[in-house]
$ cat my_file-v9.cif   # mmCIF, C-alpha atoms and all ligand atoms
data_structure
#
loop_
_atom_site.label_atom_id
_atom_site.label_comp_id
_atom_site.auth_asym_id
_atom_site.auth_seq_id
_atom_site.Cartn_x
_atom_site.Cartn_y
_atom_site.Cartn_z
CA MET A 1 19.58 14.21 -21.17
CA THR A 2 16.29 16.08 -21.26
CA PRO A 3 13.25 14.20 -22.53
CA THR A 4 12.53 14.77 -26.22
CA GLU A 5 9.06 16.25 -26.50
CA ALA A 6 6.66 15.14 -29.18
CA ARG A 7 2.91 15.62 -29.33
CA ASN A 8 1.63 13.74 -26.29
CA GLU A 9 4.58 11.36 -26.59
CA THR A 10 7.92 11.65 -24.84
CA HIS A 11 10.98 9.49 -24.53
CA HIS A 12 12.77 9.08 -21.20
CA ARG A 13 15.73 7.18 -19.90
CA LEU A 14 13.82 6.15 -16.79
CA ILE A 15 10.15 6.11 -15.89
CA ILE A 16 9.03 5.38 -12.35
CA VAL A 17 5.50 4.12 -11.93
CA GLY A 18 4.18 4.97 -8.47
CA SER A 19 4.80 7.78 -6.01
CA GLY A 20 4.91 6.34 -2.49
CA PRO A 21 8.15 6.24 -0.48
CA ALA A 22 9.63 3.67 -2.90
CA GLY A 23 8.80 5.59 -6.09
CA LEU A 24 9.84 8.99 -4.77
CA THR A 25 13.08 7.69 -3.30
CA ALA A 26 13.85 6.07 -6.65
CA ALA A 27 13.05 9.45 -8.23
CA LEU A 28 15.39 11.31 -5.86
CA TYR A 29 18.32 8.99 -6.45
CA SER A 30 17.87 8.74 -10.20
CA ALA A 31 17.37 12.50 -10.51
CA ARG A 32 20.63 13.05 -8.65
CA ALA A 33 22.23 10.62 -11.10
CA ASP A 34 21.11 12.95 -13.92
CA LEU A 35 18.55 10.56 -15.36
CA ALA A 36 15.75 13.18 -15.31
CA PRO A 37 13.21 10.48 -14.35
CA LEU A 38 9.53 10.82 -15.11
CA VAL A 39 7.31 9.77 -12.20
CA LEU A 40 3.78 8.68 -13.03
CA GLU A 41 2.12 9.25 -9.70
CA GLY A 42 -0.90 6.99 -10.10
CA ASN A 43 -4.36 7.58 -8.68
CA GLN A 44 -3.16 8.12 -5.12
CA PRO A 45 -0.19 10.50 -5.28
CA GLY A 46 2.05 9.82 -2.31
CA GLY A 47 0.60 6.34 -1.81
CA GLN A 48 -0.70 4.81 1.39
CA LEU A 49 1.00 7.31 3.71
CA THR A 50 -1.31 10.01 2.45
CA ILE A 51 -4.18 8.32 4.28
CA THR A 52 -2.29 8.19 7.56
CA THR A 53 -1.89 10.87 10.19
CA ASP A 54 1.25 10.90 12.35
CA VAL A 55 4.24 8.92 11.13
CA GLU A 56 6.43 8.37 14.16
CA ASN A 57 8.77 5.68 12.88
CA PHE A 58 10.39 7.35 9.89
CA PRO A 59 13.97 8.11 10.96
CA GLY A 60 14.91 11.77 11.10
CA PHE A 61 11.63 13.06 12.48
CA PRO A 62 11.93 12.72 16.27
CA GLU A 63 8.66 14.58 16.81
CA GLY A 64 6.87 12.59 14.09
CA ILE A 65 5.52 13.97 10.85
CA LEU A 66 2.12 13.85 9.14
CA GLY A 67 2.01 11.22 6.38
CA PRO A 68 0.85 13.64 3.63
CA GLU A 69 3.52 16.15 4.64
CA LEU A 70 6.25 13.53 4.52
CA MET A 71 5.17 12.60 1.00
CA ASP A 72 5.00 16.25 -0.10
CA ARG A 73 8.54 16.71 1.13
CA MET A 74 9.76 13.60 -0.67
CA ARG A 75 8.15 14.86 -3.90
CA GLU A 76 9.75 18.29 -3.50
CA GLN A 77 13.14 16.77 -2.81
CA ALA A 78 12.95 14.63 -5.97
CA ARG A 79 11.78 17.63 -8.02
CA ARG A 80 14.63 19.77 -6.74
CA PHE A 81 17.07 17.49 -8.56
CA GLY A 82 15.10 17.34 -11.79
CA ALA A 83 12.49 14.60 -11.43
CA LEU A 84 9.39 15.30 -13.50
CA VAL A 85 6.28 14.27 -11.55
CA LYS A 86 2.97 13.86 -13.34
CA PHE A 87 -0.44 13.13 -11.85
CA GLU A 88 -1.19 10.34 -14.32
CA ALA A 89 -1.76 6.63 -13.91
CA ALA A 90 -0.24 4.02 -16.19
CA THR A 91 -3.03 1.96 -17.71
CA GLU A 92 -0.97 -0.22 -20.09
CA VAL A 93 2.67 -1.25 -20.23
CA HIS A 94 4.40 -2.89 -23.18
CA LEU A 95 7.58 -4.45 -21.90
CA ASP A 96 8.15 -6.58 -25.00
CA GLU A 97 9.03 -3.44 -26.95
CA ARG A 98 12.26 -1.40 -26.78
CA PRO A 99 12.07 1.27 -25.61
CA PHE A 100 9.27 0.21 -23.27
CA ARG A 101 5.91 1.82 -24.01
CA ILE A 102 3.77 3.08 -21.15
CA VAL A 103 0.28 4.36 -21.80
CA THR A 104 -1.75 6.63 -19.51
CA ASP A 105 -5.22 8.07 -20.08
CA GLY A 106 -3.83 11.05 -21.96
CA ASP A 107 -0.34 10.19 -23.14
CA THR A 108 2.06 7.57 -24.40
CA TYR A 109 5.55 7.45 -22.97
CA TYR A 110 8.66 5.60 -24.10
CA SER A 111 11.39 4.65 -21.71
CA ASP A 112 14.71 2.82 -21.80
CA SER A 113 14.23 1.55 -18.26
CA LEU A 114 11.41 1.27 -15.76
CA VAL A 115 11.02 1.20 -11.98
CA VAL A 116 7.79 -0.36 -10.74
CA ALA A 117 6.79 1.14 -7.39
CA THR A 118 3.03 0.75 -7.54
CA GLY A 119 2.62 -0.32 -3.92
CA ALA A 120 -0.28 -2.20 -2.40
CA SER A 121 -3.79 -1.40 -1.22
CA ALA A 122 -5.77 -2.64 1.74
CA LYS A 123 -8.30 -5.34 0.84
CA LEU A 124 -11.94 -4.59 1.56
CA LEU A 125 -14.88 -6.89 2.21
CA GLY A 126 -16.76 -5.54 -0.79
CA LEU A 127 -19.90 -4.45 1.07
CA PRO A 128 -21.67 -1.32 -0.21
CA SER A 129 -22.02 -0.07 3.39
CA GLU A 130 -18.26 -0.35 3.84
CA GLY A 131 -17.55 2.02 0.95
CA HIS A 132 -20.29 4.40 2.05
CA LEU A 133 -19.03 4.56 5.64
CA MET A 134 -15.28 4.55 4.92
CA GLY A 135 -13.92 7.45 6.98
CA TYR A 136 -17.20 7.66 8.92
CA GLY A 137 -16.62 4.81 11.36
CA VAL A 138 -15.04 2.34 8.93
CA SER A 139 -11.28 2.31 8.41
CA ALA A 140 -8.56 0.13 6.93
CA CYS A 141 -5.81 1.71 8.98
CA ALA A 142 -5.75 1.67 12.78
CA THR A 143 -2.60 3.76 12.97
CA CYS A 144 -4.31 6.45 10.89
CA ASP A 145 -7.70 6.53 12.55
CA GLY A 146 -7.42 4.84 15.95
CA PHE A 147 -7.15 8.18 17.66
CA PHE A 148 -10.74 9.05 16.67
CA PHE A 149 -12.06 6.06 18.62
CA ARG A 150 -10.87 7.07 22.06
CA GLY A 151 -13.29 5.77 24.68
CA LYS A 152 -15.30 3.77 22.12
CA GLU A 153 -15.86 0.08 21.38
CA VAL A 154 -14.53 -1.10 18.03
CA MET A 155 -14.16 -4.23 15.92
CA VAL A 156 -11.24 -5.49 13.86
CA VAL A 157 -12.04 -7.88 11.01
CA GLY A 158 -9.40 -10.51 10.17
CA GLY A 159 -7.33 -13.26 11.75
CA GLY A 160 -3.81 -12.55 10.50
CA ASP A 161 -0.86 -10.61 11.92
CA SER A 162 -2.31 -7.32 10.70
CA ALA A 163 -5.55 -7.90 12.62
CA MET A 164 -3.65 -8.78 15.81
CA GLU A 165 -1.39 -5.77 15.42
CA GLU A 166 -4.23 -3.37 14.64
CA ALA A 167 -6.33 -4.69 17.55
CA THR A 168 -3.45 -4.41 20.00
CA TYR A 169 -2.73 -0.88 18.79
CA LEU A 170 -6.39 0.12 19.09
CA THR A 171 -6.49 -0.85 22.78
CA LYS A 172 -4.53 2.37 23.37
CA PHE A 173 -7.69 4.30 22.51
CA ALA A 174 -10.73 2.03 22.58
CA THR A 175 -12.33 0.69 25.72
CA LYS A 176 -12.90 -2.67 24.04
CA VAL A 177 -11.71 -4.25 20.78
CA THR A 178 -13.45 -7.28 19.29
CA ILE A 179 -11.59 -9.29 16.68
CA VAL A 180 -14.08 -10.81 14.25
CA HIS A 181 -12.65 -13.84 12.45
CA ARG A 182 -14.40 -16.06 9.92
CA ARG A 183 -12.83 -19.26 11.28
CA SER A 184 -12.11 -20.70 14.72
CA GLU A 185 -8.35 -20.62 14.24
CA LEU A 186 -6.17 -17.59 13.71
CA ARG A 187 -3.76 -17.27 10.82
CA ALA A 188 -1.50 -14.91 12.77
CA SER A 189 1.93 -15.93 14.07
CA LYS A 190 1.91 -17.47 17.56
CA ILE A 191 3.54 -14.49 19.24
CA MET A 192 1.09 -11.98 17.75
CA GLN A 193 -1.86 -14.25 18.62
CA GLN A 194 -0.68 -14.58 22.19
CA ARG A 195 -0.27 -10.85 22.58
CA ALA A 196 -3.86 -10.31 21.47
CA LEU A 197 -5.25 -13.25 23.47
CA ASP A 198 -3.52 -11.98 26.62
CA ASN A 199 -4.82 -8.43 26.23
CA PRO A 200 -7.76 -7.93 28.62
CA LYS A 201 -9.27 -5.29 26.33
CA ILE A 202 -9.48 -7.69 23.36
CA ASP A 203 -12.38 -10.10 22.77
CA PHE A 204 -12.87 -12.55 19.91
CA LEU A 205 -15.91 -13.37 17.82
CA TRP A 206 -15.13 -16.70 16.13
CA ASN A 207 -16.69 -18.16 12.97
CA ALA A 208 -18.16 -14.79 12.22
CA GLN A 209 -18.41 -12.96 8.92
CA VAL A 210 -19.41 -9.30 8.74
CA VAL A 211 -22.12 -9.06 6.08
CA GLU A 212 -23.33 -5.51 6.72
CA ILE A 213 -22.13 -2.42 8.54
CA LEU A 214 -24.93 -0.37 10.03
CA GLY A 215 -24.74 3.38 10.46
CA THR A 216 -24.86 6.72 8.72
CA ARG A 217 -22.31 9.30 7.67
CA GLU A 218 -23.93 11.73 10.11
CA ASP A 219 -23.84 9.51 13.20
CA GLY A 220 -21.15 6.97 12.33
CA VAL A 221 -21.34 3.21 12.84
CA HIS A 222 -23.60 1.73 15.52
CA ALA A 223 -23.55 -2.01 14.75
CA VAL A 224 -22.60 -4.73 12.30
CA ARG A 225 -24.65 -7.63 10.99
CA ILE A 226 -22.76 -10.86 11.38
CA THR A 227 -23.31 -14.34 9.96
CA ASP A 228 -22.18 -17.37 11.91
CA THR A 229 -20.11 -19.26 9.32
CA THR A 230 -20.93 -22.64 10.87
CA THR A 231 -24.72 -22.28 11.31
CA GLY A 232 -25.61 -19.48 8.89
CA ASP A 233 -27.42 -17.61 11.70
CA GLU A 234 -27.42 -13.84 11.47
CA ARG A 235 -27.37 -11.31 14.27
CA GLU A 236 -26.58 -7.69 14.98
CA VAL A 237 -23.64 -6.81 17.21
CA PRO A 238 -23.26 -3.23 18.45
CA THR A 239 -19.98 -1.44 17.75
CA GLN A 240 -18.86 2.12 17.12
CA GLY A 241 -16.08 1.44 14.64
CA VAL A 242 -14.99 -1.23 12.16
CA PHE A 243 -11.35 -1.71 11.20
CA LEU A 244 -10.63 -3.95 8.24
CA ALA A 245 -7.42 -5.93 8.48
CA ILE A 246 -7.92 -8.68 5.93
CA GLY A 247 -4.68 -8.21 4.03
CA HIS A 248 -3.31 -6.13 1.22
CA SER A 249 -3.21 -6.59 -2.54
CA PRO A 250 -0.22 -5.43 -4.56
CA ASN A 251 -1.17 -2.97 -7.31
CA THR A 252 0.47 -4.93 -10.07
CA GLN A 253 -2.44 -5.90 -12.34
CA ILE A 254 -1.08 -4.07 -15.39
CA PHE A 255 2.17 -6.08 -15.14
CA ARG A 256 0.48 -9.47 -14.86
CA ASN A 257 1.27 -10.51 -18.41
CA SER A 258 4.81 -9.21 -18.48
CA LEU A 259 6.47 -9.59 -15.08
CA GLU A 260 6.90 -12.73 -13.02
CA MET A 261 4.96 -12.53 -9.78
CA ASN A 262 3.48 -14.88 -7.19
CA ASP A 263 -0.18 -15.96 -7.11
CA ILE A 264 -1.17 -12.92 -5.10
CA GLY A 265 0.63 -10.50 -7.43
CA TYR A 266 3.84 -9.65 -5.56
CA ILE A 267 6.52 -9.15 -8.20
CA HIS A 268 9.51 -11.49 -8.11
CA VAL A 269 12.86 -9.73 -7.93
CA GLN A 270 16.32 -11.27 -8.12
CA SER A 271 17.11 -10.62 -4.49
CA PRO A 272 19.13 -8.86 -3.15
CA SER A 273 18.78 -6.74 -6.31
CA THR A 274 15.55 -5.17 -7.58
CA ARG A 275 15.90 -6.78 -11.05
CA THR A 276 12.77 -8.41 -12.44
CA ASN A 277 12.61 -11.07 -15.15
CA VAL A 278 12.61 -8.32 -17.81
CA ALA A 279 16.00 -6.68 -18.34
CA GLY A 280 15.75 -2.96 -17.63
CA VAL A 281 12.70 -3.28 -15.37
CA PHE A 282 13.22 -2.98 -11.63
CA ALA A 283 10.65 -3.33 -8.86
CA CYS A 284 10.58 -2.07 -5.30
CA GLY A 285 8.40 -1.17 -2.32
CA ASP A 286 5.18 -2.89 -1.32
CA ALA A 287 4.65 -4.23 -4.86
CA VAL A 288 7.37 -6.78 -4.07
CA ASP A 289 7.17 -6.96 -0.28
CA PRO A 290 4.40 -8.74 1.63
CA THR A 291 6.50 -8.95 4.79
CA TYR A 292 7.87 -5.62 6.02
CA ARG A 293 5.57 -3.11 4.30
CA GLN A 294 7.07 -0.07 6.01
CA ALA A 295 7.69 3.37 4.53
CA ILE A 296 11.36 3.13 5.41
CA SER A 297 11.83 -0.35 3.93
CA ALA A 298 10.01 0.78 0.77
CA ALA A 299 12.23 3.85 0.55
CA GLY A 300 15.29 1.60 0.93
CA THR A 301 14.31 -0.64 -1.96
CA GLY A 302 13.37 2.46 -4.00
CA CYS A 303 16.94 3.66 -3.56
CA ALA A 304 18.23 0.23 -4.62
CA ALA A 305 16.00 0.25 -7.73
CA ALA A 306 17.33 3.64 -8.80
CA ILE A 307 20.93 2.49 -8.41
CA ASP A 308 20.18 -0.78 -10.26
CA ALA A 309 18.51 1.16 -13.10
CA GLU A 310 21.37 3.64 -13.32
CA ARG A 311 23.99 0.88 -13.51
CA TRP A 312 21.95 -1.05 -16.04
CA LEU A 313 21.53 2.02 -18.28
CA GLU A 314 25.23 2.77 -18.00
CA ALA A 315 26.10 -0.77 -19.07
CA GLN A 316 23.73 -0.51 -22.07
CA GLU A 317 25.09 2.83 -23.12
CA ARG A 318 28.76 1.87 -22.74
P1 LIG B 401 -3.12 -12.33 5.94
O1 LIG B 401 -2.03 -13.05 6.68
O2 LIG B 401 -3.40 -12.71 4.55
O3 LIG B 401 -4.45 -12.50 6.82
C1 LIG B 401 -5.67 -12.02 6.35
C2 LIG B 401 -6.74 -12.43 7.34
O4 LIG B 401 -7.97 -11.85 6.91
C3 LIG B 401 -6.94 -13.93 7.42
O5 LIG B 401 -7.16 -14.32 8.75
C4 LIG B 401 -8.17 -14.16 6.56
O6 LIG B 401 -8.99 -15.22 7.00
C5 LIG B 401 -8.94 -12.87 6.74
N1 LIG B 401 -9.73 -12.56 5.55
C6 LIG B 401 -9.30 -12.44 4.27
N2 LIG B 401 -10.31 -12.12 3.45
C7 LIG B 401 -11.42 -12.04 4.22
C8 LIG B 401 -12.78 -11.76 3.96
N3 LIG B 401 -13.21 -11.49 2.73
N4 LIG B 401 -13.63 -11.79 5.01
C9 LIG B 401 -13.20 -12.06 6.26
N5 LIG B 401 -11.93 -12.33 6.57
C10 LIG B 401 -11.04 -12.32 5.56
O7 LIG B 401 -2.86 -10.75 5.91
P2 LIG B 401 -2.15 -9.81 6.98
O8 LIG B 401 -2.60 -10.11 8.34
O9 LIG B 401 -2.30 -8.44 6.44
O10 LIG B 401 -0.61 -10.21 6.84
C11 LIG B 401 0.04 -10.16 5.58
C12 LIG B 401 1.53 -10.45 5.76
O11 LIG B 401 2.16 -9.38 6.50
C13 LIG B 401 1.79 -11.72 6.56
O12 LIG B 401 2.92 -12.33 6.02
C14 LIG B 401 2.06 -11.21 7.94
O13 LIG B 401 2.86 -12.11 8.70
C15 LIG B 401 2.78 -9.91 7.66
N6 LIG B 401 2.58 -8.97 8.80
C16 LIG B 401 3.49 -8.99 9.79
C17 LIG B 401 3.35 -8.14 10.86
C18 LIG B 401 4.37 -8.16 11.95
O14 LIG B 401 5.12 -9.11 12.02
N7 LIG B 401 4.44 -7.15 12.77
C19 LIG B 401 2.25 -7.30 10.95
C20 LIG B 401 1.30 -7.31 9.92
C21 LIG B 401 1.49 -8.17 8.85
P3 LIG B 401 -8.50 -16.76 6.86
O15 LIG B 401 -7.45 -16.93 7.93
O16 LIG B 401 -9.72 -17.52 7.08
O17 LIG B 401 -7.95 -16.88 5.47
#

$ encode --input "my_file-v9.cif" --output "structure tokens"
Amino acid sequence: MTPTEARNETHHRLIIVGSGPAGLTAALYSARADLAPLVLEGNQPGGQLTITTDVENFPGFPEGILGPELMDRMREQARRFGALVKFEAATEVHLDERPFRIVTDGDTYYSDSLVVATGASAKLLGLPSEGHLMGYGVSACATCDGFFFRGKEVMVVGGGDSAMEEATYLTKFATKVTIVHRRSELRASKIMQQRALDNPKIDFLWNAQVVEILGTREDGVHAVRITDTTTGDEREVPTQGVFLAIGHSPNTQIFRNSLEMNDIGYIHVQSPSTRTNVAGVFACGDAVDPTYRQAISAAGTGCAAAIDAERWLEAQER
């Protein structure tokens, strides 16, 4: 069935919100099932992989592939089978109406079913200097940017598994990695902690909060200002790069009033399915997954969401 066009309003059998590996895999499968899905790409088409460089762990690419290229290919593959992909972000969803109503800046869409694949974003400290220097010595992704810090000294902010993993990864390039943690005890799992503690290239700055990142876009970062969280004392510590690894937030704010989710915002699904608490709404990818957070695991649940949506629509239409 092709969408029925009206002025700035269309009706669809399936809308997919989000265009990372989960959303585009859902689009591929549902397009091949003749659902002619509409994908609302969101503000970052392609999702988090578009800010990475080499992806070496996506099966089928033995030489690796650039993140943006992988996402372009996924989009093309979904389009080839009839997915309609629009560079628009959903700003409102009305899941108490049938069909569901999804509003973007320019248009209103109606849909019989919905796949939520809005992903997650790296959390930031909220410092003005951090935004200004992002990409100029500040990063939220060691796998994307570590390469640029070969032979340099860098910091990783955070005390969880991500911080340990990022720090360990960065030792491939940096001469020294300092993990800056706001407490004296790590949150990371024992095995990840031990790996970082045993690494001779990794140092720790305990009870330390980064309150300013010092540098310029021209010359990069040269130091951070740190507050001792026990005494309140401030000091400058030299560094050439700052990696933020303080967790991720699922991009699920617009579903807060309609879908069941945990305190952080990860959507509850009726595992092992992708069904949410609203019949006809399915969720997949990083918006439901705080644990694995991999492109391939997101793609897998995207596939499951498309199959769940297809079967649900079939049952409704029977
Ligand atoms: P996390 O476990 O929530 O840890 C976030 C860390 O950042 C905490 O140590 C926290 O400090 C610190 N932090 C948060 N906000 C901060 C702020 N404003 N200023 C300074 N520090 C701040 O997040 P994560 O490390 O990303 O891990 C998320 C989930 O993914 C976990 O379940 C983890 O096990 C999993 N994961 C697994 C692997 C793996 O197994 N390979 C790798 C990465 C992640 P406090 O401790 O003081 O709260």

$ atom_distance --input "my_file-v9.cif" --atom1 "CA of Gly151 (chain A)" --atom2 "CA of Thr178 (chain A)"
14.1 Å

$ residues_near_ligand --input "my_file-v9.cif" --ligand "ligand LIG 401 (chain B)" --cutoff "8 Å" --atoms "only C-alpha atoms and all ligand atoms" --output "VMD selection string"
chain A and resid 123 to 126 157 to 165 181 to 183 185 to 189 192 209 to 210 245 to 248 290 to 293

$ residues_around --input "my_file-v9.cif" --residues "region 101-117 of chain A" --least-positions-apart "5" --cutoff "9 Å" --atoms "all atoms listed in the file" --output "PyMOL selection string"
chain A and resi 7-24+26+40+88-96+251-252+274+279-288+298+302+305-306+309-310+312-313

$ write_last_selection --input "my_file-v9.cif" --atoms "C-alpha atoms" --output "PDB file, in the coordinates of the input"
ATOM      1  CA  ARG A   7       2.910  15.620 -29.330  1.00  0.00           C
ATOM      2  CA  ASN A   8       1.630  13.740 -26.290  1.00  0.00           C
ATOM      3  CA  GLU A   9       4.580  11.360 -26.590  1.00  0.00           C
ATOM      4  CA  THR A  10       7.920  11.650 -24.840  1.00  0.00           C
ATOM      5  CA  HIS A  11      10.980   9.490 -24.530  1.00  0.00           C
ATOM      6  CA  HIS A  12      12.770   9.080 -21.200  1.00  0.00           C
ATOM      7  CA  ARG A  13      15.730   7.180 -19.900  1.00  0.00           C
ATOM      8  CA  LEU A  14      13.820   6.150 -16.790  1.00  0.00           C
ATOM      9  CA  ILE A  15      10.150   6.110 -15.890  1.00  0.00           C
ATOM     10  CA  ILE A  16       9.030   5.380 -12.350  1.00  0.00           C
ATOM     11  CA  VAL A  17       5.500   4.120 -11.930  1.00  0.00           C
ATOM     12  CA  GLY A  18       4.180   4.970  -8.470  1.00  0.00           C
ATOM     13  CA  SER A  19       4.800   7.780  -6.010  1.00  0.00           C
ATOM     14  CA  GLY A  20       4.910   6.340  -2.490  1.00  0.00           C
ATOM     15  CA  PRO A  21       8.150   6.240  -0.480  1.00  0.00           C
ATOM     16  CA  ALA A  22       9.630   3.670  -2.900  1.00  0.00           C
ATOM     17  CA  GLY A  23       8.800   5.590  -6.090  1.00  0.00           C
ATOM     18  CA  LEU A  24       9.840   8.990  -4.770  1.00  0.00           C
ATOM     19  CA  ALA A  26      13.850   6.070  -6.650  1.00  0.00           C
ATOM     20  CA  LEU A  40       3.780   8.680 -13.030  1.00  0.00           C
ATOM     21  CA  GLU A  88      -1.190  10.340 -14.320  1.00  0.00           C
ATOM     22  CA  ALA A  89      -1.760   6.630 -13.910  1.00  0.00           C
ATOM     23  CA  ALA A  90      -0.240   4.020 -16.190  1.00  0.00           C
ATOM     24  CA  THR A  91      -3.030   1.960 -17.710  1.00  0.00           C
ATOM     25  CA  GLU A  92      -0.970  -0.220 -20.090  1.00  0.00           C
ATOM     26  CA  VAL A  93       2.670  -1.250 -20.230  1.00  0.00           C
ATOM     27  CA  HIS A  94       4.400  -2.890 -23.180  1.00  0.00           C
ATOM     28  CA  LEU A  95       7.580  -4.450 -21.900  1.00  0.00           C
ATOM     29  CA  ASP A  96       8.150  -6.580 -25.000  1.00  0.00           C
ATOM     30  CA  ASN A 251      -1.170  -2.970  -7.310  1.00  0.00           C
ATOM     31  CA  THR A 252       0.470  -4.930 -10.070  1.00  0.00           C
ATOM     32  CA  THR A 274      15.550  -5.170  -7.580  1.00  0.00           C
ATOM     33  CA  ALA A 279      16.000  -6.680 -18.340  1.00  0.00           C
ATOM     34  CA  GLY A 280      15.750  -2.960 -17.630  1.00  0.00           C
ATOM     35  CA  VAL A 281      12.700  -3.280 -15.370  1.00  0.00           C
ATOM     36  CA  PHE A 282      13.220  -2.980 -11.630  1.00  0.00           C
ATOM     37  CA  ALA A 283      10.650  -3.330  -8.860  1.00  0.00           C
ATOM     38  CA  CYS A 284      10.580  -2.070  -5.300  1.00  0.00           C
ATOM     39  CA  GLY A 285       8.400  -1.170  -2.320  1.00  0.00           C
ATOM     40  CA  ASP A 286       5.180  -2.890  -1.320  1.00  0.00           C
ATOM     41  CA  ALA A 287       4.650  -4.230  -4.860  1.00  0.00           C
ATOM     42  CA  VAL A 288       7.370  -6.780  -4.070  1.00  0.00           C
ATOM     43  CA  ALA A 298      10.010   0.780   0.770  1.00  0.00           C
ATOM     44  CA  GLY A 302      13.370   2.460  -4.000  1.00  0.00           C
ATOM     45  CA  ALA A 305      16.000   0.250  -7.730  1.00  0.00           C
ATOM     46  CA  ALA A 306      17.330   3.640  -8.800  1.00  0.00           C
ATOM     47  CA  ALA A 309      18.510   1.160 -13.100  1.00  0.00           C
ATOM     48  CA  GLU A 310      21.370   3.640 -13.320  1.00  0.00           C
ATOM     49  CA  TRP A 312      21.950  -1.050 -16.040  1.00  0.00           C
ATOM     50  CA  LEU A 313      21.530   2.020 -18.280  1.00  0.00           C
TER      51      LEU A 313
END

$ atom_distance --input "my_file-v9.cif" --atom1 "CA of Gly67 (chain A)" --atom2 "CA of Gln253 (chain A)"
25.8 Å

$ residues_around --input "my_file-v9.cif" --residues "Lys172 (chain A)" --least-positions-apart "5" --cutoff "10 Å" --atoms "only C-alpha atoms" --output "list in words"
Gly146, Phe147, Phe149, Arg150, Gly151, Ala167 and Lys201 of chain A

$ closest_residue --input "my_file-v9.cif" --among "A:Ser297, A:Asn277, A:Gln48, A:Ser30" --to "Gly119 (chain A)" --atoms "all atoms listed in the file"
A:Gln48

$ closest_residue --input "my_file-v9.cif" --among "A:Val55, A:Val85, A:Ile65, A:Phe148" --to "Val39 (chain A)" --atoms "only C-alpha atoms"
A:Val85

$ closest_atom_pairs --input "my_file-v9.cif" --of "region 77-150 of chain A" --to "region 215-225 of chain A" --cutoff "9 Å" --atoms "only C-alpha atoms" --output "JSON lines"
{"residue": "A:Ser129", "atom": "CA", "partner": "A:Gly215", "partner_atom": "CA", "distance": 8.3}
{"residue": "A:His132", "atom": "CA", "partner": "A:Arg217", "partner_atom": "CA", "distance": 7.7}
{"residue": "A:Leu133", "atom": "CA", "partner": "A:Arg217", "partner_atom": "CA", "distance": 6.1}
{"residue": "A:Met134", "atom": "CA", "partner": "A:Arg217", "partner_atom": "CA", "distance": 8.9}
{"residue": "A:Gly135", "atom": "CA", "partner": "A:Arg217", "partner_atom": "CA", "distance": 8.6}
{"residue": "A:Tyr136", "atom": "CA", "partner": "A:Gly220", "partner_atom": "CA", "distance": 5.3}
{"residue": "A:Gly137", "atom": "CA", "partner": "A:Gly220", "partner_atom": "CA", "distance": 5.1}
{"residue": "A:Val138", "atom": "CA", "partner": "A:Val221", "partner_atom": "CA", "distance": 7.5}

$ closest_residue --input "my_file-v9.cif" --among "A:Glu166, A:Leu49, A:Ala27, A:Thr171" --to "Glu69 (chain A)" --atoms "only C-alpha atoms"
A:Leu49

$ atom_distance --input "my_file-v9.cif" --atom1 "CA of Glu130 (chain A)" --atom2 "CA of Arg235 (chain A)"
17.7 Å

$ closest_residue --input "my_file-v9.cif" --among "A:Pro238, A:Pro68, A:Thr229, A:Arg275" --to "Ile307 (chain A)" --atoms "only C-alpha atoms"
A:Arg275

$ closest_residue --input "my_file-v9.cif" --among "A:Ala78, A:Ala295, A:Ala174, A:Val278" --to "Arg98 (chain A)" --atoms "all atoms listed in the file"
A:Val278

$ decode --input "my_file-v9.cif" --residues "region 139-151 of chain A" --atoms "C-alpha atoms" --output "tab-separated table (two decimals), in the first residue's frame"
chain	number	residue	atom	x	y	z
A	139	SER	CA	35.68	14.01	22.34
A	140	ALA	CA	32.98	11.67	23.58
A	141	CYS	CA	34.21	8.73	21.53
A	142	ALA	CA	37.67	7.23	21.91
A	143	THR	CA	37.14	4.76	19.10
A	144	CYS	CA	36.32	7.66	16.77
A	145	ASP	CA	39.03	10.10	17.74
A	146	GLY	CA	41.75	8.19	19.61
A	147	PHE	CA	43.85	8.00	16.49
A	148	PHE	CA	44.34	11.79	16.51
A	149	PHE	CA	46.04	11.61	19.91
A	150	ARG	CA	48.98	9.44	18.94
A	151	GLY	CA	51.99	10.34	21.08
